[in-house]
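**Q** My file is target04.csv. It has CSV, C-alpha atoms:
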```csv
chain,number,residue,atom,x,y,z
A,1,TYR,CA,149.3,107.5,69.0
A,2,LEU,CA,151.1,109.1,71.9
A,3,ALA,CA,153.5,111.9,71.3
A,4,ASP,CA,156.9,110.5,70.3
A,5,SER,CA,158.8,111.9,73.2
A,6,VAL,CA,160.4,111.0,76.5
A,7,ASN,CA,157.1,111.7,78.4
A,8,ALA,CA,153.7,111.9,76.9
A,9,VAL,CA,151.5,110.6,79.8
A,10,THR,CA,151.3,111.5,83.4
A,11,HIS,CA,152.6,108.4,85.4
A,12,GLY,CA,152.0,106.5,82.2
A,13,ARG,CA,155.4,104.8,81.9
A,14,GLY,CA,156.0,104.1,85.5
A,15,ASP,CA,157.7,107.5,85.9
A,16,PHE,CA,160.9,106.4,84.2
A,17,THR,CA,162.6,108.0,81.2
A,18,SER,CA,165.2,107.2,78.6
A,19,MET,CA,166.8,110.6,79.3
A,20,ALA,CA,170.2,110.5,80.9
A,21,GLY,CA,170.4,112.1,84.4
A,22,PRO,CA,173.1,114.5,85.6
A,23,GLY,CA,176.6,113.1,85.5
A,24,GLY,CA,179.9,114.1,87.0
A,25,PRO,CA,180.7,115.3,90.5
A,26,SER,CA,177.9,116.9,92.6
A,27,ARG,CA,177.8,120.6,93.2
A,28,ARG,CA,175.4,123.3,94.3
A,29,LEU,CA,173.7,125.2,91.5
A,30,GLU,CA,174.2,128.9,91.3
A,31,GLU,CA,171.2,131.1,91.5
A,32,ALA,CA,171.5,132.1,87.8
A,33,GLU,CA,171.2,128.4,86.9
A,34,ASN,CA,167.8,128.1,88.6
A,35,THR,CA,165.3,128.8,85.8
A,36,TRP,CA,161.6,128.8,86.5
A,37,GLU,CA,158.4,130.1,84.9
A,38,PRO,CA,155.7,131.8,87.1
A,39,LEU,CA,152.8,129.7,86.0
A,40,GLY,CA,150.6,129.7,89.1
A,41,PRO,CA,149.8,126.9,91.5
A,42,PHE,CA,149.1,123.2,90.9
A,43,GLN,CA,150.0,123.1,87.2
A,44,SER,CA,149.3,119.4,87.2
A,45,SER,CA,151.7,116.8,88.3
A,46,MET,CA,154.0,116.3,85.3
A,47,PRO,CA,155.2,118.2,82.2
A,48,LEU,CA,154.5,116.5,78.9
A,49,TYR,CA,156.9,116.7,76.0
A,50,SER,CA,155.7,117.0,72.4
A,51,ARG,CA,157.0,115.3,69.4
A,52,ALA,CA,159.5,117.2,67.3
A,53,TYR,CA,158.0,119.9,65.1
A,54,PRO,CA,159.2,120.3,61.4
A,55,ASN,CA,161.9,122.7,62.6
A,56,GLY,CA,163.2,120.2,65.1
A,57,LYS,CA,161.9,122.0,68.2
A,58,ARG,CA,159.9,120.5,71.0
A,59,VAL,CA,157.6,122.1,73.5
A,60,ILE,CA,156.5,121.2,77.0
A,61,TRP,CA,152.8,121.2,77.8
A,62,VAL,CA,152.0,122.3,81.3
A,63,GLY,CA,148.9,123.5,83.2
A,64,GLY,CA,145.8,122.2,84.8
A,65,TYR,CA,144.5,124.6,87.4
A,66,ASP,CA,143.9,128.0,85.7
A,67,ARG,CA,145.6,127.7,82.3
A,68,ILE,CA,147.3,125.5,79.7
A,69,ALA,CA,150.7,126.7,78.5
A,70,LYS,CA,153.4,125.6,76.1
A,71,LEU,CA,157.1,126.1,77.1
A,72,ASP,CA,160.1,126.0,74.9
A,73,ALA,CA,161.7,122.6,75.8
A,74,ASP,CA,165.2,124.1,75.6
A,75,THR,CA,164.8,127.4,77.4
A,76,LEU,CA,161.5,127.0,79.4
A,77,GLU,CA,160.3,130.3,77.8
A,78,THR,CA,156.5,130.5,77.9
A,79,LEU,CA,155.4,130.4,74.2
A,80,THR,CA,151.7,130.7,74.6
A,81,THR,CA,149.0,130.5,77.3
A,82,TYR,CA,145.3,129.5,77.2
A,83,ALA,CA,143.2,130.5,80.2
A,84,ILE,CA,140.9,127.6,81.2
A,85,GLY,CA,138.4,129.8,83.0
A,86,GLY,CA,136.3,129.1,86.1
A,87,ASN,CA,139.2,129.3,88.6
A,88,THR,CA,141.2,132.2,90.0
A,89,TYR,CA,143.9,133.2,87.5
A,90,PHE,CA,147.3,133.8,89.1
A,91,GLY,CA,149.3,136.4,87.2
A,92,GLU,CA,153.1,136.6,87.2
A,93,GLU,CA,153.4,139.2,90.0
A,94,GLU,CA,151.0,137.3,92.3
A,95,THR,CA,152.8,134.0,91.6
A,96,ARG,CA,156.3,135.5,92.3
A,97,ARG,CA,154.9,137.0,95.6
A,98,ALA,CA,153.6,133.6,96.6
A,99,VAL,CA,157.0,131.9,95.9
A,100,ASP,CA,158.9,134.7,97.7
A,101,LYS,CA,156.6,134.1,100.7
A,102,MET,CA,157.2,130.3,100.7
A,103,ASP,CA,161.0,130.9,100.5
A,104,ARG,CA,160.7,132.8,103.8
A,105,LEU,CA,158.7,130.1,105.7
A,106,ASP,CA,160.3,127.4,107.9
A,107,ASP,CA,159.4,123.8,107.2
A,108,ALA,CA,156.3,123.6,109.5
A,109,GLU,CA,154.9,126.9,108.2
A,110,LEU,CA,155.5,125.8,104.6
A,111,VAL,CA,153.5,122.6,105.2
A,112,LYS,CA,150.6,124.6,106.6
A,113,TYR,CA,150.7,127.0,103.7
A,114,ASN,CA,150.7,124.3,101.1
A,115,LEU,CA,147.9,122.4,102.9
A,116,LYS,CA,145.8,125.6,102.9
A,117,LEU,CA,146.4,126.0,99.1
A,118,TRP,CA,145.5,122.3,98.7
A,119,GLU,CA,142.2,122.6,100.6
A,120,GLU,CA,141.3,125.7,98.6
A,121,THR,CA,142.1,124.3,95.1
A,122,TRP,CA,141.2,120.5,95.4
A,123,PRO,CA,137.4,121.0,95.1
A,124,VAL,CA,137.9,122.9,91.8
A,125,LEU,CA,141.2,121.4,90.5
A,126,PRO,CA,140.5,120.4,86.9
A,127,SER,CA,143.2,117.8,86.2
A,128,TRP,CA,146.2,115.8,87.4
A,129,TYR,CA,146.4,113.2,84.8
A,130,ARG,CA,146.8,114.0,81.1
A,131,VAL,CA,147.8,112.6,77.8
A,132,LEU,CA,149.6,114.3,74.9
A,133,SER,CA,149.0,112.7,71.5
A,134,GLN,CA,151.2,112.5,68.4
A,135,ASP,CA,148.8,115.1,66.9
A,136,ASN,CA,149.8,117.5,69.7
A,137,GLU,CA,146.4,117.3,71.3
A,138,LEU,CA,146.3,117.5,75.0
A,139,TYR,CA,143.6,115.3,76.7
A,140,MET,CA,142.7,116.3,80.3
A,141,SER,CA,139.8,116.1,82.6
A,142,HIS,CA,137.9,119.2,83.8
A,143,ARG,CA,135.7,119.7,86.8
A,144,ASN,CA,132.6,121.7,85.9
A,145,ALA,CA,131.1,124.3,88.2
A,146,ASP,CA,128.2,121.9,89.0
A,147,GLY,CA,130.7,119.2,90.1
A,148,SER,CA,130.3,117.1,86.9
A,149,ILE,CA,133.3,115.9,85.0
A,150,ALA,CA,134.2,116.5,81.3
A,151,ILE,CA,137.1,115.3,79.2
A,152,ARG,CA,138.6,118.2,77.2
A,153,VAL,CA,141.0,118.1,74.2
A,154,TYR,CA,143.2,121.2,73.6
A,155,GLY,CA,145.0,121.5,70.3
A,156,GLU,CA,146.9,124.1,68.2
A,157,VAL,CA,145.8,126.6,65.6
A,158,ASP,CA,148.9,125.7,63.5
A,159,ALA,CA,150.2,122.2,64.3
A,160,ASP,CA,153.5,123.0,62.6
A,161,ASP,CA,154.4,126.0,64.7
A,162,PRO,CA,155.7,125.4,68.3
A,163,ALA,CA,154.5,128.9,69.4
A,164,SER,CA,151.0,128.4,67.8
A,165,LYS,CA,148.1,129.5,69.9
A,166,ILE,CA,146.1,126.9,71.9
A,167,LYS,CA,142.5,126.2,71.2
A,168,LEU,CA,139.8,124.0,72.8
A,169,ARG,CA,138.9,121.4,70.1
A,170,ARG,CA,136.3,119.1,71.7
A,171,THR,CA,134.6,118.1,75.0
A,172,TRP,CA,133.1,114.9,76.2
A,173,GLN,CA,130.8,114.9,79.3
A,174,VAL,CA,131.2,112.0,81.7
A,175,PRO,CA,127.7,110.8,82.5
A,176,VAL,CA,126.7,112.1,85.9
A,177,GLU,CA,125.5,108.7,87.1
A,178,VAL,CA,129.0,107.4,86.3
A,179,SER,CA,131.1,110.1,87.9
A,180,ALA,CA,129.0,110.3,91.1
A,181,GLY,CA,131.2,112.9,92.6
A,182,ALA,CA,134.4,110.9,91.8
A,183,PHE,CA,137.4,112.4,89.9
A,184,PRO,CA,139.5,110.9,87.1
A,185,PHE,CA,142.7,109.3,88.6
A,186,GLY,CA,144.3,108.0,85.5
A,187,MET,CA,144.4,108.5,81.7
A,188,HIS,CA,146.2,106.7,79.0
A,189,MET,CA,145.9,105.3,75.4
A,190,THR,CA,145.7,101.7,74.2
A,191,SER,CA,147.9,100.5,71.4
A,192,ASP,CA,145.0,101.1,68.9
A,193,GLY,CA,144.7,104.7,70.0
A,194,THR,CA,141.7,104.5,72.3
A,195,LEU,CA,141.6,106.8,75.3
A,196,VAL,CA,141.1,105.1,78.6
A,197,VAL,CA,140.2,106.9,81.8
A,198,VAL,CA,139.7,105.6,85.3
A,199,LEU,CA,137.8,107.4,88.1
A,200,GLN,CA,138.2,107.2,91.9
A,201,ASN,CA,135.0,105.1,92.2
A,202,GLY,CA,136.3,102.4,89.8
A,203,ALA,CA,134.5,103.6,86.6
A,204,LEU,CA,136.7,102.7,83.6
A,205,ILE,CA,136.0,104.5,80.4
A,206,ALA,CA,137.2,103.7,76.8
A,207,LEU,CA,136.7,106.6,74.5
A,208,SER,CA,137.5,107.0,70.8
A,209,ARG,CA,139.7,110.0,70.1
A,210,ASP,CA,136.9,111.8,68.2
A,211,PHE,CA,134.6,111.2,71.2
A,212,LYS,CA,132.0,109.5,69.0
A,213,ASN,CA,132.2,106.1,70.7
A,214,SER,CA,132.5,105.1,74.4
A,215,ASN,CA,132.3,102.0,76.6
A,216,ILE,CA,132.1,102.2,80.4
A,217,VAL,CA,132.5,99.4,83.0
A,218,MET,CA,132.8,99.4,86.8
A,219,LEU,CA,135.8,97.6,88.2
A,220,PRO,CA,134.6,94.7,90.4
A,221,ASN,CA,135.2,93.8,94.1
A,222,LYS,CA,134.7,97.3,95.5
A,223,SER,CA,135.1,97.5,99.2
A,224,ALA,CA,132.1,98.8,101.1
A,225,ASP,CA,134.2,101.5,102.8
A,226,ALA,CA,136.1,102.6,99.7
A,227,GLN,CA,134.9,106.2,99.7
A,228,SER,CA,135.6,108.3,96.6
A,229,GLY,CA,135.7,111.6,98.5
A,230,ASP,CA,138.8,110.8,100.5
A,231,ILE,CA,141.9,110.2,98.3
A,232,PHE,CA,143.4,107.7,100.6
A,233,LYS,CA,140.1,105.8,101.0
A,234,SER,CA,139.4,105.8,97.2
A,235,PHE,CA,138.7,102.6,95.5
A,236,VAL,CA,141.2,103.7,92.8
A,237,ARG,CA,144.0,106.3,93.5
A,238,ASN,CA,146.6,105.4,90.8
A,239,ALA,CA,147.2,105.9,87.1
A,240,LEU,CA,146.9,103.4,84.4
A,241,ALA,CA,149.4,101.4,82.3
A,242,THR,CA,148.7,99.8,78.9
A,243,ASP,CA,150.6,97.3,76.9
A,244,ASP,CA,151.1,96.5,73.2
A,245,GLN,CA,148.2,94.0,73.3
A,246,ASN,CA,145.5,96.5,74.4
A,247,GLY,CA,145.8,95.3,78.0
A,248,ILE,CA,145.0,97.9,80.6
A,249,TYR,CA,146.5,97.6,84.1
A,250,VAL,CA,144.8,99.4,87.0
A,251,VAL,CA,145.2,99.0,90.8
A,252,THR,CA,142.2,99.0,93.1
A,253,ARG,CA,142.4,98.9,96.9
A,254,ASP,CA,142.7,95.2,97.0
A,255,ASN,CA,143.5,93.9,93.5
A,256,LEU,CA,145.6,94.5,90.4
A,257,HIS,CA,143.5,94.2,87.3
A,258,ARG,CA,144.3,93.6,83.7
A,259,VAL,CA,141.2,94.7,81.7
A,260,GLN,CA,141.3,93.8,78.1
A,261,TRP,CA,140.2,96.3,75.4
A,262,THR,CA,138.9,94.1,72.5
A,263,GLY,CA,138.5,97.0,70.1
A,264,THR,CA,134.8,97.4,70.8
A,265,LYS,CA,134.5,96.8,74.6
A,266,LEU,CA,136.3,96.6,77.9
A,267,SER,CA,136.4,93.0,79.0
A,268,PHE,CA,136.9,91.2,82.4
A,269,ASP,CA,136.7,87.8,80.6
A,270,PRO,CA,139.8,85.6,81.0
A,271,ALA,CA,139.1,84.2,77.5
A,272,ASP,CA,140.0,87.7,76.2
A,273,GLY,CA,143.2,87.9,78.4
A,274,ALA,CA,141.7,89.7,81.4
A,275,TRP,CA,142.6,88.8,85.0
A,276,ALA,CA,142.5,90.1,88.5
A,277,ALA,CA,144.9,89.2,91.4
A,278,PRO,CA,145.0,90.3,95.1
A,279,TYR,CA,148.1,91.7,96.7
A,280,PRO,CA,149.1,92.2,100.4
A,281,ASN,CA,147.2,95.1,101.9
A,282,GLU,CA,147.9,95.4,105.6
A,283,LYS,CA,147.2,99.1,105.7
A,284,GLY,CA,143.8,98.8,104.1
A,285,PHE,CA,144.4,101.8,101.9
A,286,GLY,CA,145.7,99.8,99.0
A,287,SER,CA,148.8,100.3,96.8
A,288,GLY,CA,149.9,103.9,96.2
A,289,THR,CA,151.7,103.1,93.0
A,290,THR,CA,151.0,103.1,89.3
A,291,PRO,CA,151.6,99.7,87.5
A,292,ALA,CA,154.9,99.6,85.7
A,293,LEU,CA,155.5,97.1,82.8
A,294,MET,CA,158.7,95.0,82.5
A,295,GLY,CA,159.8,92.8,79.7
A,296,TRP,CA,158.9,93.1,76.0
A,297,GLY,CA,160.8,90.8,73.7
A,298,PRO,CA,159.8,87.2,72.9
A,299,ASN,CA,162.5,85.8,75.1
A,300,GLU,CA,161.8,88.0,78.2
A,301,ASP,CA,159.3,87.4,81.0
A,302,HIS,CA,156.4,89.8,80.6
A,303,LEU,CA,155.7,91.3,84.1
A,304,VAL,CA,153.7,94.1,85.7
A,305,VAL,CA,155.1,95.6,88.9
A,306,ILE,CA,153.5,97.5,91.8
A,307,ALA,CA,154.3,98.2,95.5
A,308,ASP,CA,152.0,96.4,97.9
A,309,ALA,CA,150.3,98.0,101.0
A,310,THR,CA,152.3,96.3,103.8
A,311,ARG,CA,153.8,98.5,106.5
A,312,ASN,CA,157.3,98.4,105.0
A,313,ASN,CA,156.3,97.8,101.4
A,314,ASN,CA,157.2,95.1,99.0
A,315,MET,CA,157.7,95.2,95.3
A,316,VAL,CA,155.3,92.6,93.7
A,317,ALA,CA,155.7,91.4,90.2
A,318,PHE,CA,152.8,89.7,88.4
A,319,TRP,CA,152.8,87.6,85.2
A,320,ARG,CA,151.0,89.9,82.8
A,321,ASP,CA,150.3,87.3,80.0
A,322,LYS,CA,149.7,83.6,80.3
A,323,ILE,CA,151.2,82.1,83.5
A,324,PRO,CA,154.0,79.7,82.6
A,325,ASP,CA,152.7,76.1,82.8
A,326,ASP,CA,155.6,75.0,85.1
A,327,TRP,CA,155.1,77.9,87.5
A,328,LYS,CA,154.2,76.5,90.9
A,329,GLY,CA,153.5,79.9,92.6
A,330,LEU,CA,154.8,81.5,95.8
A,331,PRO,CA,153.4,80.2,99.1
A,332,GLY,CA,150.7,82.5,100.5
A,333,HIS,CA,150.2,84.4,97.2
A,334,ASP,CA,148.0,84.3,94.2
A,335,ARG,CA,149.6,82.1,91.5
A,336,ARG,CA,149.8,85.1,89.2
A,337,VAL,CA,152.4,86.6,91.6
A,338,ALA,CA,155.8,86.0,89.9
A,339,ALA,CA,158.1,87.6,92.5
A,340,ILE,CA,158.0,89.7,95.7
A,341,THR,CA,160.9,91.5,97.4
A,342,PRO,CA,161.2,94.1,100.2
A,343,ILE,CA,161.7,97.7,99.2
A,344,ARG,CA,164.6,98.9,101.3
A,345,PHE,CA,165.0,102.5,99.9
A,346,GLY,CA,168.7,102.0,99.9
A,347,GLY,CA,168.9,100.7,103.5
```
Could you write out this file's structure as structure tokens?

**A**
Amino acid sequence: YLADSVNAVTHGRGDFTSMAGPGGPSRRLEEAENTWEPLGPFQSSMPLYSRAYPNGKRVIWVGGYDRIAKLDADTLETLTTYAIGGNTYFGEEETRRAVDKMDRLDDAELVKYNLKLWEETWPVLPSWYRVLSQDNELYMSHRNADGSIAIRVYGEVDADDPASKIKLRRTWQVPVEVSAGAFPFGMHMTSDGTLVVVLQNGALIALSRDFKNSNIVMLPNKSADAQSGDIFKSFVRNALATDDQNGIYVVTRDNLHRVQWTGTKLSFDPADGAWAAPYPNEKGFGSGTTPALMGWGPNEDHLVVIADATRNNNMVAFWRDKIPDDWKGLPGHDRRVAAITPIRFGG
């Protein structure tokens, strides 16, 4: 149900790609090789690539603060733009002036400038996390003027035309009592095509693509000081991962959860395949990583991997299905932990 491309979900595949990186000897790019489009600030955190159109072309969906735009995946040319509304719109000249200004700042001044932009836009930033479907529909969250949260779906007037105009197709309002001032921090689809969204406060939402059916649960074991207003104190501050068995993986401040989508409800019941396991959390802020899945075939170990919250960080792998009967566990860790190793960052 996701777009058949190298990247259809923000953080959804552990931020890895099947695309080959640069090869050959390193060199500095010439100015003429540096291609960019003036799209304004905070155009979400990741470009999403569409499936191939009938003519073989693909587009890149970008946007999130003041607009949604489609770029030609080969040339980065802006094909069409849809103004979201409600936020200041940054035109091409204003965007180029801002970039020119940043180019002239030293490192310390640049940090201050970006923090100022962050402070001004965060209260009204519509979306970081988004999903692009095989139908070329873009699912993203939107912060309304009254502070409430909606899930919007943007599509195309002509689904066979890469340059087709964008249109708002449908909207689903997150119940105010559920959002409680929190913001969506992850969005994905299960293997049966159900949209799943997690909020900073631990609300997990399963939503049919036509928005006719929904199921909402609260992730358990919430710390008393897990404030949703501060990103680093949020109960949840990572995206989601899903597997081919409708398992949903989400990290809270203290635990990694597998929540099972049964087709009708979100389940914490181990009988349905759900589980929760703690991980080392010296800092108290919890893991800052999105779960990444490893192993798929019948002869491979099926694991889910995160970084913990120790001072120097470890990579922690968990058994994501049934724990092998002969697994004795690692001393000092939950039995579901399959491996742990320091992250050296090349050192």

**Q** Provide the atom CA of Ala83 of chain A to atom CA of Ser214 of chain A distance in Å, to one decimal place.

**A**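 Distance between the two atoms: 28.2 Å.
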
**Q** Report as a tab-separated table the residues of segment 281-340 of chain A within 9 Å of segment 270-275 of chain A, each with its shortest atom pair and distance in Å (one decimal), using only C-alpha atoms, ordered by chain and increasing residue number.

**A**
```
residue	atom	partner	partner_atom	distance
A:Arg320	CA	A:Trp275	CA	8.8
A:Asp321	CA	A:Gly273	CA	7.3
A:Lys322	CA	A:Gly273	CA	8.0
```

**Q** How would you write as number ranges by chain the residues that get within 10 Å of (142.0, 100.0, 101.1) in the file's frame, counting all atoms listed in the file?

**A** A: 222-227, 232-236, 252-255, 281-287, 309

**Q** Go ahead and compute the interatomic distance for atom CA of Leu219 of chain A and atom CA of Trp122 of chain A, in Å to one decimal.

**A** 24.6 Å

**Q** At what distance in Å, to one decimal, does atom CA of Ile231 of chain A lie from atom CA of Asn246 of chain A?

**A**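 Interatomic distance here is 27.8 Å.
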
**Q** Kindly indicate which residue among A:His142, A:Arg344, A:Lys112, A:His188 lies nearest to Val174 of chain A, using only C-alpha atoms for the distances.

**A**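 Closest to Val174 of chain A of all the choices is A:His142.
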
**Q** Nearest to Thr78 of chain A: which of A:Gly91, A:Pro280, A:Pro38, A:Pro54 is it, counting all atoms listed in the file?

**A**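 For Thr78 of chain A, the nearest of the candidates is A:Pro38.
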
**Q** What's around segment 87-89 of chain A at 10 Å? Count all atoms listed in the file, leave out sequence neighbours fewer than 2 positions away in its own chain, and write the answer as a list in words.

**A**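 The neighbour list is Leu39, Gly40, Pro41, Tyr65, Asp66, Arg67, Ala83, Ile84, Gly85, Gly91, Glu92, Glu94, Thr95, Thr121, Val124, Leu125, Pro126 and Ala145 of chain A.
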